[in-house]
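Enquirer: This structure is in structure tokens; I'll ask about it shortly.
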Amino acid sequence: MSFLFPLYLAGLAALAIPVALHFRHRHTREKVRFSTLMFLSPTPIREKRNRRLENLLLLLLRCALLALIALAFARPFLKQENPLVAPDDGRTVAILIDRSASMRREDLWERAKQEVRREAGGLQLGDALQLAAFGDRTDLLISFDQWERAPLESERQRLVEAALETLQPSWERTRTVEALAAAAGDLESHCAELGGDRTRELVLISDFQRGEGFETLEQHDWPANMRFRPVPLEVHEPANASLQVLPREQDARLDEEPRRRARLLANAATKAGAVQLTWITAASKPLGQAVPVQIIPGASRIAEAPAFPTNETPAALALDGDTHDFDNRWYVSPPPETPFRILYYGPGDAASPDGNLFFLRRALLATPSFRPELVERTLDQSLEDLDLTSFQLTVATGEIPDDSLELLLPWLDGGGRILYLLDRPEAALALTRLAGAADVLAAEEVVPADYAVISTVNRAHPLLEPFADARFGDFTRLHFWRYRRVDPAAFPSAEVIASFDTRDPLWLEQRAGAGSLLVFTSGWGRRDSQLAVSSKFIPLLFGIFQQSRGNLLREPVLWIGDPIPLPSKPGVVITPPDGVPRAIAEGAATWTETGEPGIYVVEAGVDQIRYAVNLHPAESQLEEVEPAVFERALSRSGNADQPAVETGSDGKVRRILTAFDREAQQKIWWYLLLAALGLVLVEILYAARCHGRQQAALQEG
Amino acid sequence: MSAPASNRIDVESLMRIRSLELRARLILEGFLQGLHRSPYHGSSVEFSEYRAYSPGDDLRHLDWKLMARSDRLCIRKFEAETNLECRLLVDLSRSMRFGSGDYTKAEYAATLAATFAWFLLGQGDAVGMMTFASHILDDLPPSRRKGQLQHILAGLVRESAPGETDVKKALDDYLPRARRRCLTVLVSDLLAPIEGLQTQFGYLARAGHDVVVYRILDPAELDFGFSRTARFEDLETGRILYLNPATAGPLYRQRFQEHDEALRALCRRHAIDFLPVRTDASFFDALYDLLRRRSGIHQKRKTRA
């Protein structure tokens, strides 16, 4: 007899408890309190023989009960010869090959390909095969249909070789469970299509790194009748150290790049010792001195990175002295080199808090990743001497002279962005030209009896992204003393972002060519509203800045496979780490081909944003999962009906039954538990009888 | 010496009454009822003697019935009434907490002492009380004041104190306090080594006290009639012994008998009256005994005079 979970047999130790209790029971528990023991001496106690016998039987019952429970938990089964089966209609095999970044270690990839060849070579003529590679996503390499279309063995061999030839390990993280679920689904649907009695096999060739989403393994409803076969690839040297560079601190000094800090992770197999940290360029050229850092096996530590080089901008921090190189670089994106330029064009009411410029000046606080630059021009000044293309945003207000409008309109059409504050009804003429309206827009000064409040807000608009969370999206405390009423229908295609309780629009957006015009019908100065002194003002302004140049406030760090957000401008060019620039089609919102770690440079006009794309940290944690864990989860659905087969030495085909299969078939634990329940009943009745006898004896005594 | 059976109140029923005062009163009433029919009819503890009437005597003390019977004028004298002083020494140690029935020895002893006190106070005697365990718990000097009975009852109902019975120490403490000769009534189980008692009993007797020892014992202590093997716990020391009564019983009875005889011999030697009282026995026997003793004291005093 064998056991599925022999550790539970340790529960037999519990037999000591009733034995100990019964042993103790040999001394009477009856207690008599007596006035004095001065006339008494200890006497030897002699137990009555019949009473000991009674207790012995009870003891045996209780011991047997505990033993049965312990045995049932250990799940016993009998080893028998595998049963014979009739030859089936062939095998349907789905092979999954792990191509995550961790497969770049040692010669794992070559061994994995060898395993694929071996598995494919072992198939018979009537068997079907599907080959898929997985990392973060699953790519189908050979489908069942392709396999069927190549009936000859040589053709099939070529098919496999062609698939493997170009196949390389990716930089993706591991999502084994998702890949398994997809392959199991394919296997099911293909077998259902073919019909007949086919053996289904799912082969997983992997280093069995834990990866992401492993915890969902138990949640999947794995198909019955599927045989799971793991092919684990062992690593000779499991030690690994990796690094992550921590984000810049926002309160660091602005005039110099702050000292960066890195988190070093080393798994338990790593030996304690020093590794080297160096800044390198995209071409792996080291910059500055390497700094030795001690690592702690099985723990993470924060270490100070070497001083940031000043002569050349580094691309990554590199770790040297580790066994596996695949996760030894961490790319960083330095802050944008070009400042964020804002042109203010309006009345020169800078000194007064009643106007808009007063607060705009104070709102532009520089951070390490955001360097604003404000250029002020009054309406009587010309814009001719300015290179408007160097500006990301223009804040305009008042009656803009025609000559300035002539300069602003082409800039707006070419992808510029204007925030126009309608501060007086007379300025409607300038607004009409900016918006490109056919008829002259009519504006009317409205001064509510007390105040106006915002009642409708389109939180889905990118401008209001900071207020998407309902906790921050309450605008009702904001009071507006006066505003200019315009009819949104008079605009060519204006979108109302927010409107007052009087249903008059407050903020509108009008697309103008490649650019956009944002209209505020009430200013933020003290004369018009409380907006500038409210907590909403700075997030709102930064929402506008962010829209003008994406990812302004965060350090742009992405993982392999993450989409890169693209600015909504024409002529965007992206340069991946391979150095070949790609022009982006107009209207594309993201770039998804981030398959390689490195720096991706997005250029749009004067703007240049560098995105660092890194290997996901989860991929560096090389914790392995026992293949048996997968085996257990996947075979739980029960493959007793149609397990895999083997051909014995006598030429007979037999089922291959695992310990789980046998145990599930025999279900001995069930009988043991039933017997234990019976014993509980007998024990209760017998113990009650004994107790009754004792009570009777006591009363007689 | 004992009252007719019809007048006896069942001890067990009596002990079920929770109020000590009520118990003592019931016993006393039953006792006094029985007394009228007893051989002591016509006499009383306080009655001392008759003497011939001489002019000037208080007519309230004239025995009118005697005059009617014998045509002689006699004056009743109440000498003893003014002199008797009684001190009750009641053991409330943990060993007194034992009781094989529904009540303990301590409860029985308290009832007995309360009845004594009531009876004697009713006769106008001065009664004092001292309760003890390993040390003195309460000490009430003899008094015949009205509230004395309540004080005594309150002292008797207190919980028995921890510690072993130390009769020797209790008597050591008692002797300096009882300088005047008096009737000393010791109510205890005296389950203590004899050696410790010899000197103190001698001192008591020599100090001129009339000493009566009421030894309160539970029937189970006398015959050790347990049948089952059990853990026996000493109430005083907490010591535990695993005992089979069948084997331990004979030795116990023998040693108890020896101790009892030694105790009796000690009392005899010092002219101390020793009266064993079983807790299932009527209170009347003890009361009669007290009555007899009181009259005996008067006899003695008369003789001395």
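Identifiers for the structure tokens are assigned positionally: chains receive A, B, ... in sequence, residues are indexed from 1 per chain, and ligands are indexed from 1 in the order shown.
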Using only C-alpha atoms, which residues sit within 9 Å of range 345-359 of chain A once same-chain residues fewer than 6 positions away are excluded, as a VMD selection string?
Expert: chain A and resid 375 to 381 383 394 to 400 421 523 to 528 532 to 533
Enquirer: Got time to write the residues from that selection, N, CA and C atoms, as an mmCIF file, in the first residue's frame?
Expert:
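Produced file selection_17.cif, reproduced below:
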data_model
loop_
_atom_site.group_PDB
_atom_site.id
_atom_site.type_symbol
_atom_site.label_atom_id
_atom_site.label_comp_id
_atom_site.auth_asym_id
_atom_site.auth_seq_id
_atom_site.Cartn_x
_atom_site.Cartn_y
_atom_site.Cartn_z
ATOM 1 N N VAL A 375 6.850 83.141 -21.316
ATOM 2 C CA VAL A 375 7.195 84.344 -22.076
ATOM 3 C C VAL A 375 5.947 85.224 -22.081
ATOM 4 N N GLU A 376 6.074 86.459 -21.643
ATOM 5 C CA GLU A 376 4.901 87.333 -21.533
ATOM 6 C C GLU A 376 4.944 88.391 -22.635
ATOM 7 N N ARG A 377 3.844 88.570 -23.278
ATOM 8 C CA ARG A 377 3.702 89.645 -24.273
ATOM 9 C C ARG A 377 2.361 90.317 -24.038
ATOM 10 N N THR A 378 2.367 91.653 -24.044
ATOM 11 C CA THR A 378 1.080 92.351 -23.920
ATOM 12 C C THR A 378 0.487 92.521 -25.320
ATOM 13 N N LEU A 379 -0.802 92.860 -25.346
ATOM 14 C CA LEU A 379 -1.518 92.886 -26.623
ATOM 15 C C LEU A 379 -0.978 93.953 -27.584
ATOM 16 N N ASP A 380 -0.336 94.946 -27.010
ATOM 17 C CA ASP A 380 0.189 95.978 -27.901
ATOM 18 C C ASP A 380 1.566 95.609 -28.455
ATOM 19 N N GLN A 381 2.104 94.475 -28.015
ATOM 20 C CA GLN A 381 3.401 94.037 -28.537
ATOM 21 C C GLN A 381 3.181 93.073 -29.688
ATOM 22 N N LEU A 383 4.174 89.728 -32.079
ATOM 23 C CA LEU A 383 4.697 88.372 -31.862
ATOM 24 C C LEU A 383 5.658 87.977 -32.964
ATOM 25 N N THR A 394 0.009 78.414 -25.723
ATOM 26 C CA THR A 394 -0.178 79.856 -25.664
ATOM 27 C C THR A 394 -1.412 80.136 -24.825
ATOM 28 N N VAL A 395 -1.251 80.998 -23.828
ATOM 29 C CA VAL A 395 -2.400 81.435 -23.050
ATOM 30 C C VAL A 395 -2.728 82.837 -23.552
ATOM 31 N N ALA A 396 -3.882 82.966 -24.208
ATOM 32 C CA ALA A 396 -4.231 84.257 -24.803
ATOM 33 C C ALA A 396 -5.497 84.774 -24.166
ATOM 34 N N THR A 397 -5.616 86.072 -24.103
ATOM 35 C CA THR A 397 -6.828 86.677 -23.564
ATOM 36 C C THR A 397 -6.983 88.089 -24.150
ATOM 37 N N GLY A 398 -8.202 88.586 -24.156
ATOM 38 C CA GLY A 398 -8.441 89.942 -24.644
ATOM 39 C C GLY A 398 -8.619 90.009 -26.153
ATOM 40 N N GLU A 399 -8.682 91.240 -26.621
ATOM 41 C CA GLU A 399 -8.904 91.456 -28.064
ATOM 42 C C GLU A 399 -7.575 91.363 -28.788
ATOM 43 N N ILE A 400 -7.291 90.219 -29.363
ATOM 44 C CA ILE A 400 -6.007 89.982 -30.012
ATOM 45 C C ILE A 400 -5.979 90.742 -31.340
ATOM 46 N N LEU A 421 -8.781 82.821 -22.871
ATOM 47 C CA LEU A 421 -9.650 83.245 -21.772
ATOM 48 C C LEU A 421 -10.499 84.403 -22.281
ATOM 49 N N GLY A 523 -12.478 83.756 -16.419
ATOM 50 C CA GLY A 523 -11.056 83.652 -16.073
ATOM 51 C C GLY A 523 -10.866 83.077 -14.688
ATOM 52 N N TRP A 524 -9.599 82.922 -14.285
ATOM 53 C CA TRP A 524 -9.339 82.403 -12.944
ATOM 54 C C TRP A 524 -8.949 83.517 -11.976
ATOM 55 N N GLY A 525 -8.861 84.727 -12.503
ATOM 56 C CA GLY A 525 -8.495 85.855 -11.646
ATOM 57 C C GLY A 525 -9.602 86.183 -10.659
ATOM 58 N N ARG A 526 -9.281 87.059 -9.711
ATOM 59 C CA ARG A 526 -10.215 87.354 -8.623
ATOM 60 C C ARG A 526 -11.474 88.071 -9.118
ATOM 61 N N ARG A 527 -11.328 88.813 -10.238
ATOM 62 C CA ARG A 527 -12.473 89.545 -10.768
ATOM 63 C C ARG A 527 -13.574 88.589 -11.243
ATOM 64 N N ASP A 528 -13.159 87.437 -11.783
ATOM 65 C CA ASP A 528 -14.110 86.516 -12.387
ATOM 66 C C ASP A 528 -14.550 85.372 -11.463
ATOM 67 N N ALA A 532 -8.606 80.391 -9.227
ATOM 68 C CA ALA A 532 -7.161 80.438 -9.007
ATOM 69 C C ALA A 532 -6.792 80.141 -7.560
ATOM 70 N N VAL A 533 -7.676 80.456 -6.629
ATOM 71 C CA VAL A 533 -7.326 80.222 -5.226
ATOM 72 C C VAL A 533 -7.886 78.884 -4.727
#
Enquirer: Please find the residues of chain B near chain A - the criterion being any atom within 8 Å, counting only C-alpha atoms - and write them as a list of chain:residue names.
Expert: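 My answer is B:Arg94, B:Ser95, B:Met96, B:Arg97, B:Phe98, B:Leu191, B:Glu221, B:Ser227, B:Arg228, B:Thr229, B:Ala230, B:Arg231, B:Phe232, B:Glu233, B:Asp234, B:Leu235, B:Glu236, B:Arg239, B:Leu241, B:Tyr242, B:Leu243, B:Asn244, B:Thr247, B:Ala248, B:Leu251, B:Tyr252, B:Arg255, B:Phe256.
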Enquirer: Quick check for you: according to DSSP on this backbone, which residues of range 310-370 of chain A are classed as strand (DSSP E or B)? Reply as an MDAnalysis selection string.
Expert: chainID A and resid 316:320 329:331 340:346 367 370
Enquirer: Considering only C-alpha atoms, return as an MDAnalysis selection string whatever protein or nucleic-acid residues lie within 7 Å of Ser516 in chain A, sequence-local ones (same chain, fewer than 2 positions apart) excluded.
Expert: chainID A and resid 412 416:418 509:512 514 518
Enquirer: Take the residues from that selection and write them out as a CSV table (one decimal), in the first residue's frame, keeping all heavy atoms.
Expert:
chain,number,residue,atom,x,y,z
A,412,LEU,N,-1.5,77.3,-34.7
A,412,LEU,CA,-2.6,76.5,-34.2
A,412,LEU,C,-2.9,75.3,-35.1
A,412,LEU,O,-3.0,74.2,-34.7
A,412,LEU,CB,-3.8,77.3,-33.9
A,412,LEU,CG,-5.0,76.7,-33.2
A,412,LEU,CD1,-4.7,76.3,-31.8
A,412,LEU,CD2,-6.2,77.6,-33.2
A,416,GLY,N,-0.4,73.5,-32.8
A,416,GLY,CA,-0.3,74.4,-31.6
A,416,GLY,C,-1.5,74.2,-30.6
A,416,GLY,O,-2.5,73.6,-31.0
A,417,ARG,N,-1.3,74.8,-29.5
A,417,ARG,CA,-2.4,74.7,-28.5
A,417,ARG,C,-2.6,76.1,-27.9
A,417,ARG,O,-1.7,76.7,-27.3
A,417,ARG,CB,-2.0,73.7,-27.5
A,417,ARG,CG,-3.1,73.1,-26.7
A,417,ARG,CD,-2.6,71.9,-26.0
A,417,ARG,NE,-3.7,71.4,-25.1
A,417,ARG,CZ,-4.7,70.7,-25.6
A,417,ARG,NH1,-4.7,70.3,-26.8
A,417,ARG,NH2,-5.7,70.3,-24.8
A,418,ILE,N,-3.8,76.6,-27.9
A,418,ILE,CA,-4.1,77.9,-27.4
A,418,ILE,C,-5.2,77.7,-26.3
A,418,ILE,O,-6.2,77.1,-26.5
A,418,ILE,CB,-4.6,78.8,-28.4
A,418,ILE,CG1,-3.5,79.1,-29.5
A,418,ILE,CG2,-5.1,80.2,-27.8
A,418,ILE,CD1,-3.9,80.0,-30.6
A,509,GLU,N,-13.7,73.0,-25.9
A,509,GLU,CA,-12.5,72.6,-26.7
A,509,GLU,C,-12.9,72.6,-28.1
A,509,GLU,O,-13.9,71.9,-28.5
A,509,GLU,CB,-11.9,71.3,-26.2
A,509,GLU,CG,-10.5,71.1,-26.9
A,509,GLU,CD,-9.8,69.8,-26.6
A,509,GLU,OE1,-10.5,68.9,-26.2
A,509,GLU,OE2,-8.6,69.8,-26.6
A,510,GLN,N,-12.1,73.2,-28.9
A,510,GLN,CA,-12.4,73.3,-30.4
A,510,GLN,C,-11.2,72.8,-31.1
A,510,GLN,O,-10.1,73.3,-30.9
A,510,GLN,CB,-12.8,74.7,-30.8
A,510,GLN,CG,-12.7,75.0,-32.3
A,510,GLN,CD,-13.9,74.5,-33.0
A,510,GLN,OE1,-15.0,74.7,-32.6
A,510,GLN,NE2,-13.6,73.7,-34.0
A,511,ARG,N,-11.3,71.7,-31.9
A,511,ARG,CA,-10.2,71.2,-32.6
A,511,ARG,C,-10.0,72.2,-33.8
A,511,ARG,O,-10.9,72.6,-34.5
A,511,ARG,CB,-10.4,69.8,-33.2
A,511,ARG,CG,-10.8,68.8,-32.2
A,511,ARG,CD,-9.8,68.5,-31.2
A,511,ARG,NE,-8.6,67.9,-31.7
A,511,ARG,CZ,-7.6,67.5,-31.0
A,511,ARG,NH1,-7.6,67.6,-29.6
A,511,ARG,NH2,-6.5,66.9,-31.5
A,512,ALA,N,-8.7,72.5,-34.0
A,512,ALA,CA,-8.4,73.4,-35.1
A,512,ALA,C,-7.2,72.9,-35.9
A,512,ALA,O,-6.1,72.9,-35.4
A,512,ALA,CB,-8.1,74.8,-34.6
A,514,ALA,N,-4.5,70.5,-36.7
A,514,ALA,CA,-3.9,69.5,-35.9
A,514,ALA,C,-3.8,69.9,-34.4
A,514,ALA,O,-3.4,69.2,-33.5
A,514,ALA,CB,-2.4,69.2,-36.4
A,518,LEU,N,-8.6,75.8,-26.6
A,518,LEU,CA,-9.4,75.6,-25.3
A,518,LEU,C,-9.9,77.0,-24.9
A,518,LEU,O,-9.2,78.0,-24.9
A,518,LEU,CB,-8.4,75.1,-24.3
A,518,LEU,CG,-8.9,74.3,-23.1
A,518,LEU,CD1,-9.6,73.0,-23.7
A,518,LEU,CD2,-7.8,73.9,-22.2
Enquirer: Neighbouring residues of range 211-219 of chain A were defined as those with any atom within 7 Å, considering only C-alpha atoms; residues of the same chain fewer than 2 positions away were excluded. Please report them as a list in words.
Expert: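 Residues near the query, excluding close chain neighbours: Arg173, Thr174, Arg175, Val177, Gln209, Asp221, Ala618, Glu619 and Ala633 of chain A.
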Enquirer: Selection from above, all heavy atoms, as a PDB file, in the first residue's frame, can you write it?
Expert:
ATOM      1  N   ARG A 173       7.899  38.905 -19.706  1.00  0.00           N
ATOM      2  CA  ARG A 173       7.735  38.181 -18.450  1.00  0.00           C
ATOM      3  C   ARG A 173       6.982  36.883 -18.725  1.00  0.00           C
ATOM      4  O   ARG A 173       6.486  36.683 -19.837  1.00  0.00           O
ATOM      5  CB  ARG A 173       6.996  39.035 -17.431  1.00  0.00           C
ATOM      6  CG  ARG A 173       5.626  39.456 -17.859  1.00  0.00           C
ATOM      7  CD  ARG A 173       5.053  40.496 -16.954  1.00  0.00           C
ATOM      8  NE  ARG A 173       4.868  41.750 -17.668  1.00  0.00           N
ATOM      9  CZ  ARG A 173       4.122  42.754 -17.232  1.00  0.00           C
ATOM     10  NH1 ARG A 173       3.514  42.666 -16.083  1.00  0.00           N
ATOM     11  NH2 ARG A 173       3.990  43.860 -17.918  1.00  0.00           N
ATOM     12  N   THR A 174       6.861  36.046 -17.698  1.00  0.00           N
ATOM     13  CA  THR A 174       6.252  34.728 -17.887  1.00  0.00           C
ATOM     14  C   THR A 174       4.802  34.749 -17.422  1.00  0.00           C
ATOM     15  O   THR A 174       4.533  35.136 -16.277  1.00  0.00           O
ATOM     16  CB  THR A 174       7.008  33.672 -17.049  1.00  0.00           C
ATOM     17  OG1 THR A 174       8.389  33.907 -17.209  1.00  0.00           O
ATOM     18  CG2 THR A 174       6.656  32.264 -17.464  1.00  0.00           C
ATOM     19  N   ARG A 175       3.919  34.320 -18.272  1.00  0.00           N
ATOM     20  CA  ARG A 175       2.513  34.147 -17.870  1.00  0.00           C
ATOM     21  C   ARG A 175       2.096  32.741 -18.270  1.00  0.00           C
ATOM     22  O   ARG A 175       1.365  32.536 -19.241  1.00  0.00           O
ATOM     23  CB  ARG A 175       1.624  35.178 -18.546  1.00  0.00           C
ATOM     24  CG  ARG A 175       1.777  36.577 -18.004  1.00  0.00           C
ATOM     25  CD  ARG A 175       0.721  37.480 -18.599  1.00  0.00           C
ATOM     26  NE  ARG A 175       0.981  38.869 -18.320  1.00  0.00           N
ATOM     27  CZ  ARG A 175       0.529  39.510 -17.238  1.00  0.00           C
ATOM     28  NH1 ARG A 175      -0.175  38.858 -16.343  1.00  0.00           N
ATOM     29  NH2 ARG A 175       0.779  40.770 -17.076  1.00  0.00           N
ATOM     30  N   VAL A 177       0.228  30.408 -16.798  1.00  0.00           N
ATOM     31  CA  VAL A 177      -1.142  29.919 -16.620  1.00  0.00           C
ATOM     32  C   VAL A 177      -2.028  30.351 -17.794  1.00  0.00           C
ATOM     33  O   VAL A 177      -2.829  29.562 -18.304  1.00  0.00           O
ATOM     34  CB  VAL A 177      -1.713  30.409 -15.273  1.00  0.00           C
ATOM     35  CG1 VAL A 177      -3.132  29.931 -15.095  1.00  0.00           C
ATOM     36  CG2 VAL A 177      -0.854  29.911 -14.133  1.00  0.00           C
ATOM     37  N   GLN A 209       9.716  28.868 -14.025  1.00  0.00           N
ATOM     38  CA  GLN A 209       9.806  30.059 -13.187  1.00  0.00           C
ATOM     39  C   GLN A 209       8.390  30.431 -12.780  1.00  0.00           C
ATOM     40  O   GLN A 209       7.453  30.267 -13.571  1.00  0.00           O
ATOM     41  CB  GLN A 209      10.458  31.171 -14.005  1.00  0.00           C
ATOM     42  CG  GLN A 209      10.715  32.411 -13.211  1.00  0.00           C
ATOM     43  CD  GLN A 209      10.872  33.605 -14.112  1.00  0.00           C
ATOM     44  OE1 GLN A 209      10.760  33.476 -15.328  1.00  0.00           O
ATOM     45  NE2 GLN A 209      11.132  34.741 -13.522  1.00  0.00           N
ATOM     46  N   ASP A 221     -10.815  26.255 -14.782  1.00  0.00           N
ATOM     47  CA  ASP A 221     -11.534  24.991 -14.895  1.00  0.00           C
ATOM     48  C   ASP A 221     -10.863  24.198 -16.016  1.00  0.00           C
ATOM     49  O   ASP A 221     -11.194  24.346 -17.188  1.00  0.00           O
ATOM     50  CB  ASP A 221     -13.006  25.279 -15.213  1.00  0.00           C
ATOM     51  CG  ASP A 221     -13.838  24.025 -15.104  1.00  0.00           C
ATOM     52  OD1 ASP A 221     -13.325  23.045 -14.528  1.00  0.00           O
ATOM     53  OD2 ASP A 221     -14.973  24.028 -15.592  1.00  0.00           O
ATOM     54  N   ALA A 618       9.459  41.145 -12.169  1.00  0.00           N
ATOM     55  CA  ALA A 618       8.990  39.791 -11.823  1.00  0.00           C
ATOM     56  C   ALA A 618       9.803  38.732 -12.556  1.00  0.00           C
ATOM     57  O   ALA A 618       9.972  37.609 -12.067  1.00  0.00           O
ATOM     58  CB  ALA A 618       7.514  39.654 -12.171  1.00  0.00           C
ATOM     59  N   GLU A 619      10.333  39.080 -13.730  1.00  0.00           N
ATOM     60  CA  GLU A 619      11.068  38.106 -14.519  1.00  0.00           C
ATOM     61  C   GLU A 619      12.436  37.823 -13.901  1.00  0.00           C
ATOM     62  O   GLU A 619      13.037  36.779 -14.145  1.00  0.00           O
ATOM     63  CB  GLU A 619      11.210  38.628 -15.958  1.00  0.00           C
ATOM     64  CG  GLU A 619      11.661  37.614 -16.969  1.00  0.00           C
ATOM     65  CD  GLU A 619      10.741  36.403 -17.053  1.00  0.00           C
ATOM     66  OE1 GLU A 619       9.577  36.506 -16.672  1.00  0.00           O
ATOM     67  OE2 GLU A 619      11.226  35.346 -17.494  1.00  0.00           O
ATOM     68  N   ALA A 633      -2.795  20.393 -10.298  1.00  0.00           N
ATOM     69  CA  ALA A 633      -3.919  21.295 -10.589  1.00  0.00           C
ATOM     70  C   ALA A 633      -4.612  20.906 -11.888  1.00  0.00           C
ATOM     71  O   ALA A 633      -5.833  20.925 -11.989  1.00  0.00           O
ATOM     72  CB  ALA A 633      -3.420  22.727 -10.670  1.00  0.00           C
TER      73      ALA A 633
END
Enquirer: List the neighbours of Glu85 in chain B out to 7 Å using only C-alpha atoms; skip same-chain residues closer than 5 positions along the sequence, and give me the result as a list of chain:residue names.
Expert: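 In the requested format, the answer is B:Asp125, B:Ala126, B:Val127, B:Pro142, B:Cys182, B:Leu183.
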Enquirer: Would you mind exporting N, CA, C and O atoms of the selected residues as a tab-separated table (two decimals), in the first residue's frame?
Expert:
chain	number	residue	atom	x	y	z
B	125	ASP	N	-26.73	35.05	82.78
B	125	ASP	CA	-25.30	34.85	82.94
B	125	ASP	C	-24.52	35.72	81.97
B	125	ASP	O	-25.04	36.12	80.92
B	126	ALA	N	-23.26	35.97	82.33
B	126	ALA	CA	-22.39	36.72	81.41
B	126	ALA	C	-21.73	35.71	80.49
B	126	ALA	O	-21.16	34.72	80.94
B	127	VAL	N	-21.86	35.95	79.21
B	127	VAL	CA	-21.29	35.00	78.24
B	127	VAL	C	-20.28	35.73	77.36
B	127	VAL	O	-20.56	36.81	76.84
B	142	PRO	N	-16.79	38.43	78.29
B	142	PRO	CA	-18.10	38.05	78.83
B	142	PRO	C	-18.91	39.29	79.18
B	142	PRO	O	-18.37	40.28	79.68
B	182	CYS	N	-14.04	31.00	85.57
B	182	CYS	CA	-15.30	30.95	84.84
B	182	CYS	C	-15.53	29.56	84.27
B	182	CYS	O	-14.66	28.70	84.36
B	183	LEU	N	-16.70	29.40	83.68
B	183	LEU	CA	-17.01	28.14	83.00
B	183	LEU	C	-16.46	28.27	81.57
B	183	LEU	O	-16.89	29.14	80.81
Enquirer: For range 127-134 of chain A, list every protein, DNA or RNA residue within 7 Å, evaluated using only C-alpha atoms, and leave out those in the same chain fewer than 2 positions away; present the list as a PyMOL selection string.
Expert: chain A and resi 90-100+123-125+136-144+147-148+179
Enquirer: Write out as a compact mmCIF listing (two decimals) with N, CA and C atoms, in the first residue's frame each polymer residue whose atoms come within 12 Å of Gly101 in chain B, counting only C-alpha atoms; drop sequence neighbours fewer than 4 positions from it.
Expert:
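For reference, out.txt as written:
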# COMPACT_ATOMS: atom_id res chain seq x y z
N VAL B 11 -32.25 16.60 63.73
CA VAL B 11 -31.07 17.47 63.59
C VAL B 11 -30.90 17.92 62.14
N GLU B 12 -31.11 16.98 61.22
CA GLU B 12 -30.89 17.32 59.80
C GLU B 12 -31.86 18.40 59.34
N SER B 13 -33.12 18.25 59.75
CA SER B 13 -34.11 19.26 59.35
C SER B 13 -33.74 20.61 59.96
N MET B 15 -30.79 21.68 60.82
CA MET B 15 -29.59 22.29 60.24
C MET B 15 -29.87 22.87 58.86
N ARG B 16 -31.04 22.51 58.27
CA ARG B 16 -31.37 23.08 56.97
C ARG B 16 -31.81 24.54 57.08
N ARG B 97 -14.65 22.24 58.62
CA ARG B 97 -15.48 22.38 57.43
C ARG B 97 -15.96 21.04 56.89
N LYS B 105 -19.20 20.30 60.34
CA LYS B 105 -18.99 20.30 61.79
C LYS B 105 -19.02 21.72 62.33
N GLU B 107 -20.76 24.22 61.25
CA GLU B 107 -22.14 24.69 61.38
C GLU B 107 -22.79 24.10 62.63
N TYR B 108 -22.49 22.84 62.87
CA TYR B 108 -23.05 22.18 64.06
C TYR B 108 -22.52 22.84 65.33
N ASP B 218 -17.71 14.11 63.21
CA ASP B 218 -18.62 13.62 62.17
C ASP B 218 -18.64 12.10 62.25
N PRO B 219 -19.78 11.47 61.96
CA PRO B 219 -19.81 10.00 62.00
C PRO B 219 -18.74 9.38 61.12
N ALA B 220 -18.44 10.05 59.95
CA ALA B 220 -17.45 9.48 59.03
C ALA B 220 -16.06 9.50 59.64
N GLU B 221 -15.84 10.43 60.54
CA GLU B 221 -14.53 10.48 61.19
C GLU B 221 -14.38 9.38 62.22
N ARG B 278 -21.52 13.68 68.42
CA ARG B 278 -21.61 13.36 66.99
C ARG B 278 -22.50 14.40 66.32
N THR B 279 -22.16 14.72 65.12
CA THR B 279 -22.94 15.77 64.46
C THR B 279 -24.32 15.29 64.05
N ASP B 280 -24.57 14.00 64.14
CA ASP B 280 -25.94 13.54 63.87
C ASP B 280 -26.73 13.38 65.17
Enquirer: From the DSSP assignment of the backbone, select every residue of range 85-258 of chain B that is helix (DSSP H, G or I), and format the answer as JSON, numbers by chain.
Expert: {"B": [94, 95, 96, 97, 105, 106, 107, 108, 109, 110, 111, 112, 113, 114, 115, 116, 117, 118, 119, 120, 121, 122, 148, 149, 150, 151, 152, 153, 154, 155, 156, 167, 168, 169, 170, 171, 172, 173, 174, 175, 176, 177, 195, 196, 197, 198, 199, 200, 201, 202, 203, 204, 205, 206, 219, 220, 221, 222, 223, 245, 246, 247, 248, 249, 250, 251, 252, 253, 254, 255, 256, 257, 258]}
Enquirer: Taking only C-alpha atoms into account, name the residue in B:Leu287, B:Gly238, B:Gly202, B:Pro176 that is nearest to Arg268 in chain B.
Expert: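 That would be B:Gly202, the residue with the smallest distance to Arg268 in chain B.
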